[in-house]
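Structure file start-v6.cif (mmCIF, C-alpha atoms) follows.
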```
data_target
loop_
_atom_site.group_PDB
_atom_site.id
_atom_site.type_symbol
_atom_site.label_atom_id
_atom_site.label_comp_id
_atom_site.auth_asym_id
_atom_site.auth_seq_id
_atom_site.Cartn_x
_atom_site.Cartn_y
_atom_site.Cartn_z
ATOM 1 C CA MET V 1 20.398 29.866 6.244
ATOM 2 C CA VAL V 2 18.054 27.240 4.793
ATOM 3 C CA ASN V 3 15.808 25.586 7.372
ATOM 4 C CA GLU V 4 16.542 21.861 7.682
ATOM 5 C CA LYS V 5 13.680 19.621 6.639
ATOM 6 C CA LYS V 6 11.994 17.893 9.558
ATOM 7 C CA VAL V 7 12.019 14.106 9.527
ATOM 8 C CA THR V 8 8.352 13.109 9.613
ATOM 9 C CA VAL V 9 6.907 9.615 9.947
ATOM 10 C CA ILE V 10 3.448 9.320 8.388
ATOM 11 C CA ALA V 11 1.286 6.395 9.529
ATOM 12 C CA LEU V 12 -1.398 5.788 6.922
ATOM 13 C CA GLY V 13 -4.751 4.444 8.086
ATOM 14 C CA GLY V 14 -6.494 1.538 6.386
ATOM 15 C CA ASN V 15 -8.721 3.814 4.292
ATOM 16 C CA ALA V 16 -5.613 5.109 2.510
ATOM 17 C CA ILE V 17 -5.401 1.764 0.695
ATOM 18 C CA LEU V 18 -8.777 0.047 1.023
ATOM 19 C CA LYS V 19 -12.042 1.738 1.932
ATOM 20 C CA PRO V 20 -14.899 0.054 3.865
ATOM 21 C CA GLY V 21 -17.185 -1.992 1.642
ATOM 22 C CA GLN V 22 -14.668 -2.455 -1.151
ATOM 23 C CA ARG V 23 -13.734 -5.942 -2.346
ATOM 24 C CA GLY V 24 -10.032 -5.181 -2.534
ATOM 25 C CA THR V 25 -9.363 -5.437 -6.248
ATOM 26 C CA ILE V 26 -6.082 -4.005 -7.447
ATOM 27 C CA ALA V 27 -8.006 -1.291 -9.329
ATOM 28 C CA GLU V 28 -9.745 -0.211 -6.097
ATOM 29 C CA GLN V 29 -6.540 -0.235 -4.085
ATOM 30 C CA MET V 30 -4.528 1.655 -6.705
ATOM 31 C CA ALA V 31 -7.237 4.334 -6.971
ATOM 32 C CA ASN V 32 -7.147 4.820 -3.196
ATOM 33 C CA VAL V 33 -3.346 4.899 -3.140
ATOM 34 C CA GLU V 34 -3.283 7.513 -5.926
ATOM 35 C CA GLU V 35 -5.562 9.740 -3.845
ATOM 36 C CA THR V 36 -3.309 9.215 -0.831
ATOM 37 C CA CYS V 37 -0.186 10.036 -2.830
ATOM 38 C CA GLY V 38 -1.698 13.387 -3.790
ATOM 39 C CA GLN V 39 -1.564 14.322 -0.108
ATOM 40 C CA LEU V 40 1.956 12.946 0.313
ATOM 41 C CA ALA V 41 3.113 14.915 -2.732
ATOM 42 C CA GLN V 42 1.880 18.155 -1.172
ATOM 43 C CA MET V 43 4.070 17.490 1.860
ATOM 44 C CA VAL V 44 7.059 16.851 -0.380
ATOM 45 C CA GLU V 45 6.361 19.986 -2.448
ATOM 46 C CA SER V 46 6.261 22.165 0.678
ATOM 47 C CA GLY V 47 9.994 21.536 1.079
ATOM 48 C CA CYS V 48 9.616 21.336 4.865
ATOM 49 C CA TYR V 49 9.610 17.595 5.496
ATOM 50 C CA LYS V 50 11.641 14.443 4.923
ATOM 51 C CA ILE V 51 8.905 11.834 4.903
ATOM 52 C CA ILE V 52 8.906 8.177 5.854
ATOM 53 C CA VAL V 53 5.644 6.351 5.183
ATOM 54 C CA THR V 54 4.241 3.407 7.094
ATOM 55 C CA HIS V 55 0.886 1.715 6.543
ATOM 56 C CA GLY V 56 -1.580 -0.938 7.639
ATOM 57 C CA ASN V 57 -1.992 -4.324 5.958
ATOM 58 C CA GLY V 58 -4.872 -6.075 7.731
ATOM 59 C CA PRO V 59 -7.172 -6.715 4.748
ATOM 60 C CA GLN V 60 -4.268 -7.654 2.488
ATOM 61 C CA VAL V 61 -2.819 -10.197 4.925
ATOM 62 C CA GLY V 62 -6.337 -11.493 5.538
ATOM 63 C CA ASN V 63 -6.722 -12.120 1.810
ATOM 64 C CA LEU V 64 -3.358 -13.897 1.649
ATOM 65 C CA LEU V 65 -4.422 -16.169 4.498
ATOM 66 C CA LEU V 66 -7.698 -16.909 2.694
ATOM 67 C CA GLN V 67 -5.736 -17.755 -0.442
ATOM 68 C CA ASN V 68 -3.534 -20.046 1.670
ATOM 69 C CA GLU V 69 -6.624 -21.832 2.909
ATOM 70 C CA ALA V 70 -8.293 -22.116 -0.491
ATOM 71 C CA GLY V 71 -5.166 -23.337 -2.269
ATOM 72 C CA LYS V 72 -3.587 -25.489 0.432
ATOM 73 C CA GLU V 73 -3.950 -28.673 -1.660
ATOM 74 C CA LEU V 74 -2.153 -27.066 -4.627
ATOM 75 C CA ALA V 75 0.571 -24.960 -2.996
ATOM 76 C CA ALA V 76 2.251 -25.002 0.391
ATOM 77 C CA PRO V 77 0.624 -22.435 2.726
ATOM 78 C CA MET V 78 2.901 -19.700 4.026
ATOM 79 C CA PRO V 79 3.137 -18.736 7.725
ATOM 80 C CA LEU V 80 1.702 -15.457 8.965
ATOM 81 C CA HIS V 81 5.024 -13.601 9.167
ATOM 82 C CA ILE V 82 5.801 -14.515 5.541
ATOM 83 C CA CYS V 83 2.365 -13.208 4.506
ATOM 84 C CA GLY V 84 3.252 -9.986 6.326
ATOM 85 C CA ALA V 85 6.429 -9.697 4.270
ATOM 86 C CA GLN V 86 4.465 -10.341 1.067
ATOM 87 C CA SER V 87 1.987 -7.595 1.932
ATOM 88 C CA GLN V 88 4.787 -5.106 2.639
ATOM 89 C CA GLY V 89 6.180 -5.673 -0.839
ATOM 90 C CA MET V 90 2.774 -5.436 -2.512
ATOM 91 C CA ILE V 91 1.587 -2.284 -0.745
ATOM 92 C CA GLY V 92 5.024 -0.677 -0.888
ATOM 93 C CA PHE V 93 5.101 -1.221 -4.648
ATOM 94 C CA MET V 94 1.708 0.453 -5.062
ATOM 95 C CA ILE V 95 2.718 3.479 -2.978
ATOM 96 C CA GLN V 96 6.174 3.970 -4.474
ATOM 97 C CA GLN V 97 4.953 3.675 -8.063
ATOM 98 C CA SER V 98 1.953 5.941 -7.544
ATOM 99 C CA LEU V 99 3.940 8.515 -5.569
ATOM 100 C CA HIS V 100 6.621 8.620 -8.258
ATOM 101 C CA ASN V 101 3.996 9.188 -10.953
ATOM 102 C CA THR V 102 2.305 11.893 -8.871
ATOM 103 C CA LEU V 103 5.584 13.708 -8.212
ATOM 104 C CA ALA V 104 6.731 13.325 -11.835
ATOM 105 C CA ALA V 105 3.541 15.043 -13.002
ATOM 106 C CA ARG V 106 4.544 17.961 -10.750
ATOM 107 C CA GLY V 107 8.102 18.124 -12.078
ATOM 108 C CA LYS V 108 9.701 16.245 -9.170
ATOM 109 C CA GLY V 109 10.206 12.829 -10.710
ATOM 110 C CA ASP V 110 13.894 12.781 -9.733
ATOM 111 C CA ILE V 111 13.135 12.159 -6.035
ATOM 112 C CA PRO V 112 14.067 8.545 -5.206
ATOM 113 C CA ILE V 113 11.473 6.367 -3.462
ATOM 114 C CA ALA V 114 12.122 2.932 -1.945
ATOM 115 C CA THR V 115 10.283 0.286 0.032
ATOM 116 C CA VAL V 116 12.203 -1.460 2.808
ATOM 117 C CA VAL V 117 10.829 -4.842 3.851
ATOM 118 C CA THR V 118 11.076 -4.217 7.570
ATOM 119 C CA GLN V 119 11.612 -6.557 10.489
ATOM 120 C CA VAL V 120 10.550 -5.284 13.910
ATOM 121 C CA VAL V 121 12.282 -6.852 16.879
ATOM 122 C CA VAL V 122 10.102 -7.925 19.791
ATOM 123 C CA ASP V 123 11.047 -9.460 23.126
ATOM 124 C CA LYS V 124 10.731 -13.258 22.978
ATOM 125 C CA ASP V 125 9.644 -13.089 26.635
ATOM 126 C CA ASP V 126 6.910 -10.520 25.994
ATOM 127 C CA PRO V 127 3.853 -11.629 28.033
ATOM 128 C CA ALA V 128 1.732 -11.323 24.875
ATOM 129 C CA PHE V 129 3.177 -14.660 23.742
ATOM 130 C CA ASP V 130 1.462 -16.305 26.705
ATOM 131 C CA SER V 131 -1.904 -14.682 25.905
ATOM 132 C CA PRO V 132 -2.601 -14.626 22.139
ATOM 133 C CA SER V 133 -5.438 -12.160 21.504
ATOM 134 C CA LYS V 134 -5.316 -10.828 17.916
ATOM 135 C CA PRO V 135 -7.757 -12.587 15.513
ATOM 136 C CA VAL V 136 -6.315 -13.317 12.059
ATOM 137 C CA GLY V 137 -7.367 -15.178 8.947
ATOM 138 C CA PRO V 138 -10.595 -16.943 7.988
ATOM 139 C CA PHE V 139 -13.514 -18.069 10.127
ATOM 140 C CA TYR V 140 -13.822 -21.768 10.939
ATOM 141 C CA SER V 141 -16.455 -24.061 12.379
ATOM 142 C CA GLU V 142 -15.741 -25.103 15.946
ATOM 143 C CA GLU V 143 -14.836 -28.580 14.729
ATOM 144 C CA GLU V 144 -12.340 -27.274 12.150
ATOM 145 C CA ALA V 145 -10.848 -24.803 14.653
ATOM 146 C CA LYS V 146 -10.303 -27.533 17.230
ATOM 147 C CA ARG V 147 -8.670 -29.731 14.579
ATOM 148 C CA LEU V 148 -6.240 -26.917 13.661
ATOM 149 C CA GLU V 149 -5.542 -26.384 17.345
ATOM 150 C CA THR V 150 -4.513 -30.042 17.662
ATOM 151 C CA GLU V 151 -2.715 -30.468 14.332
ATOM 152 C CA LYS V 152 -0.949 -27.099 13.995
ATOM 153 C CA GLY V 153 -0.831 -25.816 17.542
ATOM 154 C CA TYR V 154 -3.014 -22.800 16.699
ATOM 155 C CA HIS V 155 -4.660 -20.827 19.456
ATOM 156 C CA VAL V 156 -8.337 -20.484 18.513
ATOM 157 C CA ARG V 157 -11.238 -18.508 19.892
ATOM 158 C CA GLU V 158 -14.898 -17.917 19.127
ATOM 159 C CA ASP V 159 -15.231 -14.441 17.606
ATOM 160 C CA ALA V 160 -18.385 -12.500 18.582
ATOM 161 C CA GLY V 161 -20.834 -15.131 17.359
ATOM 162 C CA ARG V 162 -19.413 -15.085 13.824
ATOM 163 C CA GLY V 163 -17.409 -18.310 14.025
ATOM 164 C CA TRP V 164 -14.016 -19.463 15.270
ATOM 165 C CA ARG V 165 -10.713 -17.843 14.343
ATOM 166 C CA ARG V 166 -7.055 -18.220 15.003
ATOM 167 C CA VAL V 167 -5.630 -15.723 17.507
ATOM 168 C CA VAL V 168 -1.957 -14.731 17.671
ATOM 169 C CA PRO V 169 0.180 -12.680 20.089
ATOM 170 C CA SER V 170 0.453 -8.897 19.769
ATOM 171 C CA PRO V 171 3.826 -8.054 21.383
ATOM 172 C CA ASP V 172 5.272 -4.587 21.860
ATOM 173 C CA PRO V 173 7.865 -3.387 19.337
ATOM 174 C CA VAL V 174 11.387 -2.986 20.710
ATOM 175 C CA GLU V 175 13.498 -1.961 17.707
ATOM 176 C CA ILE V 176 13.293 -1.461 13.953
ATOM 177 C CA PHE V 177 15.910 -3.925 12.713
ATOM 178 C CA GLU V 178 16.600 -2.049 9.448
ATOM 179 C CA LYS V 179 16.785 1.379 11.107
ATOM 180 C CA LYS V 180 20.368 2.084 9.971
ATOM 181 C CA ALA V 181 19.558 1.303 6.340
ATOM 182 C CA ILE V 182 16.401 3.435 6.494
ATOM 183 C CA ARG V 183 18.312 6.318 8.078
ATOM 184 C CA GLN V 184 20.932 6.183 5.314
ATOM 185 C CA LEU V 185 18.216 6.289 2.656
ATOM 186 C CA VAL V 186 16.514 9.256 4.338
ATOM 187 C CA ASP V 187 19.852 11.091 4.583
ATOM 188 C CA ALA V 188 20.228 10.524 0.823
ATOM 189 C CA ARG V 189 16.852 12.314 0.243
ATOM 190 C CA THR V 190 14.978 9.087 -0.450
ATOM 191 C CA ILE V 191 11.310 8.828 0.471
ATOM 192 C CA VAL V 192 11.111 5.536 2.370
ATOM 193 C CA ILE V 193 8.118 3.219 2.830
ATOM 194 C CA ALA V 194 8.814 1.004 5.837
ATOM 195 C CA SER V 195 7.437 -1.082 8.696
ATOM 196 C CA GLY V 196 4.172 -1.805 6.869
ATOM 197 C CA GLY V 197 1.476 -3.519 8.897
ATOM 198 C CA GLY V 198 3.461 -3.146 12.111
ATOM 199 C CA GLY V 199 6.492 -4.821 10.553
ATOM 200 C CA ILE V 200 7.477 -8.476 10.438
ATOM 201 C CA PRO V 201 7.665 -9.633 14.079
ATOM 202 C CA THR V 202 11.184 -10.904 14.738
ATOM 203 C CA VAL V 203 12.983 -12.206 17.820
ATOM 204 C CA ARG V 204 16.685 -12.462 18.628
ATOM 205 C CA GLU V 205 18.063 -15.801 19.747
ATOM 206 C CA ASN V 206 21.697 -16.920 20.035
ATOM 207 C CA GLY V 207 22.957 -14.072 17.870
ATOM 208 C CA ASN V 208 20.422 -14.710 15.086
ATOM 209 C CA ILE V 209 16.981 -13.337 14.274
ATOM 210 C CA HIS V 210 13.931 -15.188 13.025
ATOM 211 C CA GLY V 211 10.322 -14.346 12.269
ATOM 212 C CA VAL V 212 7.443 -15.291 14.567
ATOM 213 C CA ASP V 213 3.728 -15.490 13.909
ATOM 214 C CA ALA V 214 2.353 -12.436 15.668
ATOM 215 C CA VAL V 215 0.833 -9.035 14.854
ATOM 216 C CA ILE V 216 2.417 -5.823 16.143
ATOM 217 C CA ASP V 217 0.092 -2.848 16.524
ATOM 218 C CA LYS V 218 0.845 -0.700 13.472
ATOM 219 C CA ASP V 219 0.626 2.603 15.367
ATOM 220 C CA LEU V 220 3.092 1.440 18.020
ATOM 221 C CA ALA V 221 5.403 0.112 15.299
ATOM 222 C CA GLY V 222 5.105 3.468 13.515
ATOM 223 C CA GLU V 223 6.055 5.223 16.745
ATOM 224 C CA GLN V 224 9.056 2.928 17.156
ATOM 225 C CA LEU V 225 10.111 3.760 13.606
ATOM 226 C CA ALA V 226 9.788 7.491 14.346
ATOM 227 C CA GLU V 227 11.711 7.101 17.602
ATOM 228 C CA ASP V 228 14.520 5.024 16.067
ATOM 229 C CA LEU V 229 14.947 7.529 13.228
ATOM 230 C CA GLY V 230 14.936 10.567 15.511
ATOM 231 C CA ALA V 231 11.867 11.987 13.762
ATOM 232 C CA LYS V 232 10.542 15.370 14.872
ATOM 233 C CA ILE V 233 6.939 14.755 13.793
ATOM 234 C CA PHE V 234 4.745 11.640 13.988
ATOM 235 C CA LEU V 235 1.623 12.057 11.853
ATOM 236 C CA ILE V 236 -1.121 9.446 12.317
ATOM 237 C CA LEU V 237 -3.776 9.509 9.586
ATOM 238 C CA THR V 238 -7.126 7.909 10.300
ATOM 239 C CA ASP V 239 -10.793 8.321 9.328
ATOM 240 C CA VAL V 240 -11.652 11.270 11.604
ATOM 241 C CA GLU V 241 -10.399 14.832 11.321
ATOM 242 C CA GLN V 242 -9.873 15.323 15.047
ATOM 243 C CA VAL V 243 -9.682 13.355 18.281
ATOM 244 C CA LYS V 244 -12.886 13.736 20.297
ATOM 245 C CA LEU V 245 -13.809 13.522 23.945
ATOM 246 C CA ASN V 246 -17.195 11.914 24.641
ATOM 247 C CA TYR V 247 -17.288 10.690 21.034
ATOM 248 C CA LYS V 248 -20.774 10.398 19.487
ATOM 249 C CA THR V 249 -22.526 11.824 22.545
ATOM 250 C CA PRO V 250 -24.233 15.203 23.063
ATOM 251 C CA GLN V 251 -21.106 16.234 25.030
ATOM 252 C CA GLU V 252 -18.729 15.510 22.143
ATOM 253 C CA GLU V 253 -15.753 17.878 22.129
ATOM 254 C CA GLY V 254 -12.949 18.113 19.589
ATOM 255 C CA LEU V 255 -9.331 18.453 20.703
ATOM 256 C CA SER V 256 -7.025 20.793 18.770
ATOM 257 C CA GLN V 257 -3.845 21.428 20.794
ATOM 258 C CA ILE V 258 -3.212 19.402 23.943
ATOM 259 C CA SER V 259 -0.273 18.777 26.237
ATOM 260 C CA LEU V 260 1.292 15.421 26.985
ATOM 261 C CA ASP V 261 -0.198 15.487 30.487
ATOM 262 C CA GLU V 262 -3.675 16.178 29.098
ATOM 263 C CA ALA V 263 -3.352 13.360 26.561
ATOM 264 C CA LYS V 264 -2.313 10.903 29.266
ATOM 265 C CA ARG V 265 -5.169 11.980 31.526
ATOM 266 C CA TYR V 266 -7.793 11.618 28.787
ATOM 267 C CA LEU V 267 -6.455 8.170 27.896
ATOM 268 C CA ASP V 268 -6.476 7.063 31.543
ATOM 269 C CA GLU V 269 -10.051 8.338 31.911
ATOM 270 C CA GLY V 270 -11.159 5.960 29.156
ATOM 271 C CA HIS V 271 -12.244 8.511 26.562
ATOM 272 C CA PHE V 272 -10.897 6.493 23.616
ATOM 273 C CA ALA V 273 -12.054 3.144 22.235
ATOM 274 C CA LYS V 274 -9.555 0.325 22.717
ATOM 275 C CA GLY V 275 -9.833 -0.930 19.141
ATOM 276 C CA SER V 276 -9.510 2.423 17.389
ATOM 277 C CA MET V 277 -8.385 5.706 18.972
ATOM 278 C CA ALA V 278 -6.780 4.396 22.177
ATOM 279 C CA PRO V 279 -3.764 2.781 20.455
ATOM 280 C CA LYS V 280 -3.255 5.910 18.353
ATOM 281 C CA MET V 281 -3.246 8.136 21.424
ATOM 282 C CA GLY V 282 -0.987 5.660 23.205
ATOM 283 C CA ALA V 283 1.487 5.761 20.316
ATOM 284 C CA ALA V 284 1.359 9.572 20.196
ATOM 285 C CA ILE V 285 2.040 9.771 23.935
ATOM 286 C CA ARG V 286 4.947 7.340 23.651
ATOM 287 C CA PHE V 287 6.477 9.438 20.852
ATOM 288 C CA ILE V 288 6.355 12.688 22.844
ATOM 289 C CA GLU V 289 7.712 10.948 25.954
ATOM 290 C CA ALA V 290 10.654 9.738 23.843
ATOM 291 C CA GLY V 291 11.514 13.329 22.878
ATOM 292 C CA GLY V 292 9.417 13.895 19.754
ATOM 293 C CA GLU V 293 8.419 17.442 18.901
ATOM 294 C CA ARG V 294 4.832 16.920 17.730
ATOM 295 C CA ALA V 295 2.419 14.018 17.389
ATOM 296 C CA ILE V 296 -0.578 14.740 15.168
ATOM 297 C CA ILE V 297 -3.759 12.727 14.598
ATOM 298 C CA THR V 298 -6.060 13.694 11.735
ATOM 299 C CA SER V 299 -7.770 12.451 8.572
ATOM 300 C CA LEU V 300 -5.972 11.830 5.312
ATOM 301 C CA ASP V 301 -7.644 14.729 3.512
ATOM 302 C CA ARG V 302 -6.541 17.201 6.229
ATOM 303 C CA ALA V 303 -2.953 15.985 6.559
ATOM 304 C CA VAL V 304 -1.277 19.064 5.093
ATOM 305 C CA ASP V 305 -3.566 21.419 7.029
ATOM 306 C CA ALA V 306 -2.791 19.520 10.246
ATOM 307 C CA LEU V 307 0.965 19.835 9.718
ATOM 308 C CA GLU V 308 0.442 23.587 9.415
ATOM 309 C CA GLY V 309 -1.712 23.722 12.558
ATOM 310 C CA ARG V 310 -5.063 24.285 10.847
ATOM 311 C CA ALA V 311 -6.658 20.907 11.522
ATOM 312 C CA GLY V 312 -6.363 17.722 13.529
ATOM 313 C CA THR V 313 -5.218 17.116 17.088
ATOM 314 C CA THR V 314 -1.633 18.020 18.008
ATOM 315 C CA ILE V 315 0.074 16.694 21.136
ATOM 316 C CA ARG V 316 3.211 18.419 22.470
ATOM 317 C CA SER V 317 5.255 18.056 25.613
#
```
Please express the file's structure as C-alpha cells.
Amino acid sequence: MVNEKKVTVIALGGNAILKPGQRGTIAEQMANVEETCGQLAQMVESGCYKIIVTHGNGPQVGNLLLQNEAGKELAAPMPLHICGAQSQGMIGFMIQQSLHNTLAARGKGDIPIATVVTQVVVDKDDPAFDSPSKPVGPFYSEEEAKRLETEKGYHVREDAGRGWRRVVPSPDPVEIFEKKAIRQLVDARTIVIASGGGGIPTVRENGNIHGVDAVIDKDLAGEQLAEDLGAKIFLILTDVEQVKLNYKTPQEEGLSQISLDEAKRYLDEGHFAKGSMAPKMGAAIRFIEAGGERAIITSLDRAVDALEGRAGTTIRS
C-alpha cells in the first residue's frame, strides 16, 4: 500500500522573497524566490507531501503604499486591502513561475501550480478594530499625519522617534473564505499558493462579504489555512534554524522536540519576542491544539532536514 502524502502548509518568512538590506527590485526578489523554490522542489520530489505555500508581503505592500502616496495626483490611490490583493498576485506569480521552472528542470514540469487570491474572514466585532496597532505605509510629519487623521479618518501614531505612521487593526483570522476551492485544487495534485500576507481581511455583513483595511498576522493566517485544510504538518520558515530559550544570552538553549505543554509554558514565561518568535510559537500551539500532527519552526535552508527530524524545532501534542 502506498503511503498517502501528508498535506503540509509551508509559511515562508520574509527572507524567502526579500532579504534585509535589499532595495526590492524584481531581479532581487526573483533570485530569492528561485532559491526558495529549490527547497520547495525537494519536498515535492520526496513524494511525501502535498504542499500549500503561504508567504509574507510586508515590504511589497509597503512599496505599493509608497507608490500610492507618490502618485496620488496622477492616479487614484488604492485602499490597503486592495494593495494586499495586488501583492498576493505579484508574489504568487513569482513563486508559481519559479517553482514550475525548478520542477521542470528536474523532470516534474507536469505538476500544476496555482495562486489563489485569498480572503480571510475576521470578526467585525473583533476588539482589534477598537485598538489599531499595526503600523503600515510611509512616515509622515506630525502635521501631515494629523491632516490625514482628520481628512481620511486614519488612526496615526508616532513610531519610535522615526516619524508618524498610520496604524490599522490586526484582528484574528476566523476562516479562509476560499478553503473549499483550495481543497479541491490540492485534491487534484495542484501545488497551491494561498493566503499571502495573512490574506485579505474580510468581514461578513448581511449575507455579503467585503474587504476591510487591516493586517492579519501571517503566521496565524497560515495556521488557519492549515486548520481549515486539515493539514497534518505546519512548517514555519524563518531566519533561525531553531527556536531558542534565553535567546542571545550565555544561557541560550536550542529546542529540538517539545510537547504542546512545554511550548505553552515557554510562551507564557516570556521566552519569545513579541514581534518575532512569539507569534510563530503561538500559531504552532494553535495548530497542535486544533488536532495537527506536527508544527515545525526552522530556517529556509534546513526545511527538508526539519521535515525529516534532523533540524529545527518540532512541537507535538
Residues matched by the PyMOL selection byres ((chain V and resi 135-144) around 9) as a PyMOL selection string: chain V and resi 58+61-66+69+80+132-134+145-149+156-159+162-168+215
Answer key for the PyMOL selection byres ((chain V and resi 202) around 8), residues as a PyMOL selection string: chain V and resi 119-122+200-201+203-204+209-212
Contact residues around Ile193 of chain V with all atoms listed in the file at 6 Å, ignoring same-chain residues under 5 positions, as a list in words: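 The residues that qualify are Ile52, Val53, Thr54 and Thr115 of chain V.
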Output of the PyMOL selection byres ((chain V and resi 244-249) around 12), listed as JSON, numbers by chain: {"V": [240, 241, 242, 243, 250, 251, 252, 253, 254, 255, 256, 257, 258, 262, 263, 265, 266, 267, 269, 270, 271, 272, 273, 276, 277, 278, 281, 297, 298, 312, 313]}
d(atom CA of Ala311 of chain V, atom CA of Gln42 of chain V) in Å: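 About the pair atom CA of Ala311 of chain V and atom CA of Gln42 of chain V: they are 15.5 Å apart.
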Size and centre in Å, one decimal, axis-aligned box, all listed segment 131-140 of chain V atoms plus 6 Å per side, as lines of an AutoDock Vina configuration file:
```
center_x = -7.9
center_y = -16.3
center_z = 16.9
size_x = 23.9
size_y = 22.9
size_z = 29.9
```
Pick from V:Leu185, V:Ala226, V:Leu74, V:Val192, whichever lies nearest to His100 of chain V using all atoms listed in the file: V:Val192
Top pick for closest residue to Glu289 of chain V, considering V:Phe129, V:Asp301, V:Gly309, V:Ser317 and counting all atoms listed in the file: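 Closest to Glu289 of chain V of all the choices is V:Ser317.
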Shell around Ile17 of chain V at 9 Å using only C-alpha atoms, local window under 2 positions removed, as a list of chain:residue names: V:Leu12, V:Gly13, V:Gly14, V:Asn15, V:Lys19, V:Gly24, V:Glu28, V:Gln29, V:Met30, V:Ala31, V:Asn32, V:Val33, V:Thr36, V:His55, V:Gly56, V:Asn57, V:Ile91
Go ahead and save the residues from that selection, with C-alpha atoms, as a PDB file, keeping the file's coordinate frame.
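Produced file out.pdb, reproduced below:
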```
ATOM      1  CA  LEU V  12      -1.398   5.788   6.922  1.00  0.00           C
ATOM      2  CA  GLY V  13      -4.751   4.444   8.086  1.00  0.00           C
ATOM      3  CA  GLY V  14      -6.494   1.538   6.386  1.00  0.00           C
ATOM      4  CA  ASN V  15      -8.721   3.814   4.292  1.00  0.00           C
ATOM      5  CA  LYS V  19     -12.042   1.738   1.932  1.00  0.00           C
ATOM      6  CA  GLY V  24     -10.032  -5.181  -2.534  1.00  0.00           C
ATOM      7  CA  GLU V  28      -9.745  -0.211  -6.097  1.00  0.00           C
ATOM      8  CA  GLN V  29      -6.540  -0.235  -4.085  1.00  0.00           C
ATOM      9  CA  MET V  30      -4.528   1.655  -6.705  1.00  0.00           C
ATOM     10  CA  ALA V  31      -7.237   4.334  -6.971  1.00  0.00           C
ATOM     11  CA  ASN V  32      -7.147   4.820  -3.196  1.00  0.00           C
ATOM     12  CA  VAL V  33      -3.346   4.899  -3.140  1.00  0.00           C
ATOM     13  CA  THR V  36      -3.309   9.215  -0.831  1.00  0.00           C
ATOM     14  CA  HIS V  55       0.886   1.715   6.543  1.00  0.00           C
ATOM     15  CA  GLY V  56      -1.580  -0.938   7.639  1.00  0.00           C
ATOM     16  CA  ASN V  57      -1.992  -4.324   5.958  1.00  0.00           C
ATOM     17  CA  ILE V  91       1.587  -2.284  -0.745  1.00  0.00           C
TER      18      ILE V  91
END
```
Missing atoms in segment 263-274 of chain V: can you complete it with N, CA and C atoms, as a short mmCIF file (atom, residue, chain, number, x, y, z; two decimals), keeping the file's coordinate frame?
```
data_model
loop_
_atom_site.label_atom_id
_atom_site.label_comp_id
_atom_site.auth_asym_id
_atom_site.auth_seq_id
_atom_site.Cartn_x
_atom_site.Cartn_y
_atom_site.Cartn_z
N ALA V 263 -3.14 14.57 27.36
CA ALA V 263 -3.35 13.36 26.56
C ALA V 263 -3.35 12.12 27.44
N LYS V 264 -2.40 12.06 28.38
CA LYS V 264 -2.31 10.90 29.27
C LYS V 264 -3.54 10.82 30.17
N ARG V 265 -4.00 11.98 30.64
CA ARG V 265 -5.17 11.98 31.53
C ARG V 265 -6.41 11.52 30.77
N TYR V 266 -6.62 12.02 29.56
CA TYR V 266 -7.79 11.62 28.79
C TYR V 266 -7.76 10.12 28.47
N LEU V 267 -6.57 9.60 28.18
CA LEU V 267 -6.46 8.17 27.90
C LEU V 267 -6.77 7.35 29.14
N ASP V 268 -6.23 7.77 30.29
CA ASP V 268 -6.48 7.06 31.54
C ASP V 268 -7.95 7.11 31.94
N GLU V 269 -8.63 8.20 31.57
CA GLU V 269 -10.05 8.34 31.91
C GLU V 269 -10.96 7.51 31.01
N GLY V 270 -10.38 6.86 30.00
CA GLY V 270 -11.16 5.96 29.16
C GLY V 270 -11.96 6.63 28.06
N HIS V 271 -11.50 7.79 27.60
CA HIS V 271 -12.24 8.51 26.56
C HIS V 271 -12.15 7.86 25.18
N PHE V 272 -11.18 6.97 24.96
CA PHE V 272 -10.90 6.49 23.62
C PHE V 272 -11.10 4.99 23.52
N ALA V 273 -11.74 4.56 22.43
CA ALA V 273 -12.05 3.14 22.24
C ALA V 273 -10.78 2.32 22.07
N LYS V 274 -10.76 1.16 22.71
CA LYS V 274 -9.56 0.32 22.72
C LYS V 274 -9.17 -0.13 21.32
#
```
